[in-house]
Amino acid sequence: MSPSDPAWSADPPAAIDILSAEKTYPDGTQALLPVDLQIREGEFVTLLGPSGCGKSTLLKMVAGLLEPSDGRLLLWRKPVADLARAGKRMSFVFQSPTLMPWASVQANVRLPLDLAGVPRSTADAQVAEALALVGLSGFARALPRALSGGMQMRVSIARGLVTQPDLLLMDEPFGALDEITRHKLDADLLALWHAKKLTVVFVTHSIHEAVFLSTRVVMMAARPGRVVEQFTIDAPWPRTADFMVSPEFTRYARRLHESLQLASHTEEVTP
Ligand SMILES: Nc1ncnc2c1ncn2[C@@H]1O[C@H](COP(=O)(O)OP(=O)(O)OP(=O)(O)O)[C@@H](O)[C@H]1O
């Protein structure tokens, strides 16, 4: 294939097209002004912004858990509901692990496969692989209450990975964890993203997490929610603990900090 070939393209295909999608909740809360955003296959995009700027609302619209009041969202150029017809899969990881307390780690991770009617023999192999990916192979028979908060979150991520998704949507998954655990899970998530060639959309309040993880950061502002700025994080891979203490990291963190300050103090806009 060459640049003169019509199928040639330097850019990966679009995974997500958000086309003037906006959201007003039934009680009249205008959560999001129209958003236009394209995310390509293999990107790690972080939504960052003050409380109430519509990060979760936008992520839930991408997941098809919420309908936009106006505008459209496409996944791999198809309506969200037709994702399977595009031959793609998506998983959503919530802020809390939301595990079934009475069921083993293995049964919790297997849930999406059970719901999809995957035979037990196939499912168990996929569960074992997902648990290995998050470093929990030895805990398949444990109950959630026997695990730390960080380990429970790993179970939740394994449950997200067990269906072998192409797109991983994560709503502040590590927000409730201590700093050290969070860094460890951030590093593991990056390794998974790289190994599995995932497309990730990740919500966070943390500037440092955004710089460490992302290929692109989308800054949002509140009242009403909207996208105000975007930053490409053009730092080399793999990103290690050394990156977090580098001048480059500090430069990106400072720019995001300034943008977040502005986003947090913008005047209320009249749509
Ligand atoms: N079901 C709902 N009904 C009415 N208003 C809602 C609903 N869900 C969210 N909102 C409002 O919509 C706005 C955006 O909320 P959203 O949770 O998307 O923001 P966020 O940026 O994710 O916030 P946070 O960072 O605090 O989690 C907020 O004003 C919120 O109060």
# chains A, B, ... in the order shown; residues from 1 in each chain; ligands from 1
>>> closest_atom_pairs(of="stretch 24-46 of chain A", to="stretch 74-81 of chain A", cutoff="12 Å", atoms="only C-alpha atoms", output="CSV")
residue,atom,partner,partner_atom,distance
A:Asp36,CA,A:Leu74,CA,11.5
A:Leu37,CA,A:Leu74,CA,10.7
A:Gln38,CA,A:Leu74,CA,9.5
A:Ile39,CA,A:Leu75,CA,9.5
A:Arg40,CA,A:Trp76,CA,9.1
A:Glu41,CA,A:Trp76,CA,8.7
>>> residues_near_ligand(ligand="ligand 1", cutoff="10 Å", atoms="only C-alpha atoms and all ligand atoms", output="VMD selection string")
chain A and resid 23 to 32 47 to 61 66 95 171 to 172 203 to 205 220 to 226
>>> write_last_selection(atoms="N, CA and C atoms", output="short mmCIF file (atom, residue, chain, number, x, y, z; two decimals), in the first residue's frame")
data_model
loop_
_atom_site.label_atom_id
_atom_site.label_comp_id
_atom_site.auth_asym_id
_atom_site.auth_seq_id
_atom_site.Cartn_x
_atom_site.Cartn_y
_atom_site.Cartn_z
N LYS A 23 -26.40 17.07 26.37
CA LYS A 23 -27.28 16.39 27.33
C LYS A 23 -27.93 17.37 28.29
N THR A 24 -29.26 17.34 28.30
CA THR A 24 -30.04 18.01 29.33
C THR A 24 -30.83 16.92 30.03
N TYR A 25 -30.68 16.83 31.35
CA TYR A 25 -31.40 15.78 32.10
C TYR A 25 -32.88 16.15 32.22
N PRO A 26 -33.74 15.16 32.49
CA PRO A 26 -35.18 15.42 32.54
C PRO A 26 -35.58 16.52 33.53
N ASP A 27 -34.75 16.74 34.59
CA ASP A 27 -35.11 17.81 35.54
C ASP A 27 -34.66 19.18 35.04
N GLY A 28 -34.15 19.25 33.81
CA GLY A 28 -33.76 20.53 33.23
C GLY A 28 -32.29 20.86 33.39
N THR A 29 -31.53 20.04 34.14
CA THR A 29 -30.09 20.32 34.31
C THR A 29 -29.39 20.17 32.97
N GLN A 30 -28.74 21.26 32.55
CA GLN A 30 -28.01 21.20 31.29
C GLN A 30 -26.60 20.72 31.60
N ALA A 31 -26.38 19.42 31.43
CA ALA A 31 -25.11 18.81 31.85
C ALA A 31 -24.01 19.03 30.82
N LEU A 32 -24.37 19.07 29.55
CA LEU A 32 -23.35 19.20 28.49
C LEU A 32 -23.88 20.02 27.32
N LEU A 47 -10.52 12.47 30.22
CA LEU A 47 -11.41 13.61 30.42
C LEU A 47 -11.09 14.19 31.79
N LEU A 48 -10.70 15.46 31.83
CA LEU A 48 -10.28 16.10 33.06
C LEU A 48 -11.08 17.39 33.22
N GLY A 49 -11.46 17.72 34.45
CA GLY A 49 -12.19 18.97 34.67
C GLY A 49 -12.81 19.00 36.04
N PRO A 50 -13.30 20.18 36.46
CA PRO A 50 -13.86 20.31 37.80
C PRO A 50 -15.12 19.49 37.97
N SER A 51 -15.50 19.29 39.21
CA SER A 51 -16.70 18.54 39.53
C SER A 51 -17.91 19.11 38.80
N GLY A 52 -18.71 18.23 38.23
CA GLY A 52 -19.95 18.68 37.60
C GLY A 52 -19.79 19.16 36.17
N CYS A 53 -18.61 18.97 35.55
CA CYS A 53 -18.42 19.47 34.18
C CYS A 53 -18.93 18.50 33.12
N GLY A 54 -19.45 17.36 33.56
CA GLY A 54 -20.09 16.46 32.60
C GLY A 54 -19.21 15.31 32.13
N LYS A 55 -18.13 15.03 32.83
CA LYS A 55 -17.22 13.95 32.42
C LYS A 55 -17.96 12.60 32.40
N SER A 56 -18.64 12.30 33.52
CA SER A 56 -19.35 11.02 33.60
C SER A 56 -20.49 10.96 32.59
N THR A 57 -21.16 12.10 32.43
CA THR A 57 -22.27 12.14 31.48
C THR A 57 -21.77 11.80 30.07
N LEU A 58 -20.63 12.40 29.70
CA LEU A 58 -20.08 12.15 28.36
C LEU A 58 -19.67 10.68 28.22
N LEU A 59 -19.02 10.16 29.26
CA LEU A 59 -18.55 8.77 29.19
C LEU A 59 -19.75 7.81 29.08
N LYS A 60 -20.81 8.10 29.85
CA LYS A 60 -22.00 7.23 29.79
C LYS A 60 -22.70 7.32 28.44
N MET A 61 -22.62 8.47 27.79
CA MET A 61 -23.20 8.56 26.45
C MET A 61 -22.39 7.73 25.47
N LEU A 66 -26.51 6.34 28.46
CA LEU A 66 -27.35 7.54 28.42
C LEU A 66 -27.52 7.96 26.98
N GLN A 95 -16.24 3.60 39.27
CA GLN A 95 -15.35 4.06 40.33
C GLN A 95 -15.24 3.06 41.47
N ASP A 171 -14.46 5.22 34.56
CA ASP A 171 -14.95 6.41 35.25
C ASP A 171 -14.27 6.54 36.61
N GLU A 172 -13.18 7.28 36.64
CA GLU A 172 -12.40 7.48 37.88
C GLU A 172 -12.15 6.19 38.63
N VAL A 203 -11.75 8.84 32.93
CA VAL A 203 -12.13 10.06 33.66
C VAL A 203 -11.31 10.17 34.93
N THR A 204 -10.77 11.35 35.18
CA THR A 204 -10.02 11.56 36.43
C THR A 204 -10.13 13.00 36.88
N HIS A 205 -9.84 13.23 38.17
CA HIS A 205 -9.68 14.59 38.71
C HIS A 205 -8.20 14.92 38.85
N MET A 220 -12.41 19.94 30.41
CA MET A 220 -13.81 20.35 30.39
C MET A 220 -14.07 21.39 31.48
N ALA A 221 -15.11 22.21 31.28
CA ALA A 221 -15.51 23.21 32.28
C ALA A 221 -16.98 22.98 32.62
N ALA A 222 -17.42 23.58 33.72
CA ALA A 222 -18.77 23.28 34.24
C ALA A 222 -19.74 24.44 34.05
N ARG A 223 -21.01 24.13 34.35
CA ARG A 223 -22.12 25.10 34.38
C ARG A 223 -22.24 25.95 33.14
N PRO A 224 -22.67 25.46 32.02
CA PRO A 224 -22.89 24.04 31.76
C PRO A 224 -21.60 23.36 31.29
N GLY A 225 -21.60 22.04 31.36
CA GLY A 225 -20.43 21.26 30.96
C GLY A 225 -20.09 21.46 29.49
N ARG A 226 -18.81 21.53 29.22
CA ARG A 226 -18.36 21.68 27.83
C ARG A 226 -16.86 21.39 27.73
#
>>> residues_around(residues="A:Gln152", least_positions_apart="3", cutoff="9 Å", atoms="only C-alpha atoms", output="PDB file with C-alpha atoms, in the first residue's frame")
ATOM      1  CA  SER A  96     -16.262   1.437  42.910  1.00  0.00           C
ATOM      2  CA  PRO A  97     -15.491  -2.226  42.220  1.00  0.00           C
ATOM      3  CA  THR A  98     -19.202  -3.235  42.510  1.00  0.00           C
ATOM      4  CA  LEU A  99     -18.409  -6.897  43.181  1.00  0.00           C
ATOM      5  CA  VAL A 105     -13.227 -13.569  42.530  1.00  0.00           C
ATOM      6  CA  PRO A 144     -13.990  -9.962  47.731  1.00  0.00           C
ATOM      7  CA  ARG A 145     -13.941  -9.122  51.467  1.00  0.00           C
ATOM      8  CA  LEU A 147      -8.997  -8.482  49.351  1.00  0.00           C
ATOM      9  CA  SER A 148      -7.653  -4.937  49.776  1.00  0.00           C
ATOM     10  CA  GLY A 149      -9.323  -2.004  47.988  1.00  0.00           C
ATOM     11  CA  VAL A 155     -10.921  -7.736  40.054  1.00  0.00           C
ATOM     12  CA  SER A 156     -13.219  -5.100  38.577  1.00  0.00           C
ATOM     13  CA  ILE A 157     -10.672  -4.402  35.814  1.00  0.00           C
TER      14      ILE A 157
END
>>> select_by_dssp(residues="stretch 51-127 of chain A", states="strand (DSSP E or B)", output="tab-separated table (two decimals) with C-alpha atoms, in the first residue's frame")
chain	number	residue	atom	x	y	z
A	70	ASP	CA	-29.40	16.02	20.68
A	71	GLY	CA	-26.54	15.09	18.36
A	72	ARG	CA	-25.09	11.62	17.73
A	73	LEU	CA	-22.34	9.27	18.84
A	74	LEU	CA	-20.75	6.64	16.62
A	75	LEU	CA	-18.41	3.80	17.56
A	78	LYS	CA	-21.79	2.80	13.65
A	79	PRO	CA	-24.47	3.80	16.20
A	90	MET	CA	-16.64	-2.38	24.91
A	91	SER	CA	-16.29	-2.56	28.70
A	92	PHE	CA	-17.10	-0.01	31.38
A	93	VAL	CA	-15.20	0.13	34.69
>>> residues_around(residues="A:Trp102", least_positions_apart="2", cutoff="7 Å", atoms="only C-alpha atoms", output="PDB file with C-alpha atoms, in the first residue's frame")
ATOM      1  CA  MET A 100     -20.917  -9.536  44.308  1.00  0.00           C
ATOM      2  CA  SER A 104     -15.626 -15.737  44.506  1.00  0.00           C
ATOM      3  CA  LEU A 143     -14.134 -13.736  48.385  1.00  0.00           C
TER       4      LEU A 143
END
>>> closest_residue(among="A:Ala263, A:Ile16, A:Leu192, A:Asp186", to="A:Lys88", atoms="only C-alpha atoms")
A:Ile16
>>> select_by_dssp(residues="stretch 25-120 of chain A", states="alpha helix (DSSP H)", output="list in words")
Lys55, Ser56, Thr57, Leu58, Leu59, Lys60, Met61, Val62, Ala63, Val105, Gln106, Ala107, Asn108, Val109, Arg110, Leu111, Pro112, Leu113, Asp114, Leu115 and Arg120 of chain A
>>> closest_residue(among="A:Ala253, A:Val201, A:Ala187, A:Ala132", to="A:Val162", atoms="only C-alpha atoms")
A:Ala132
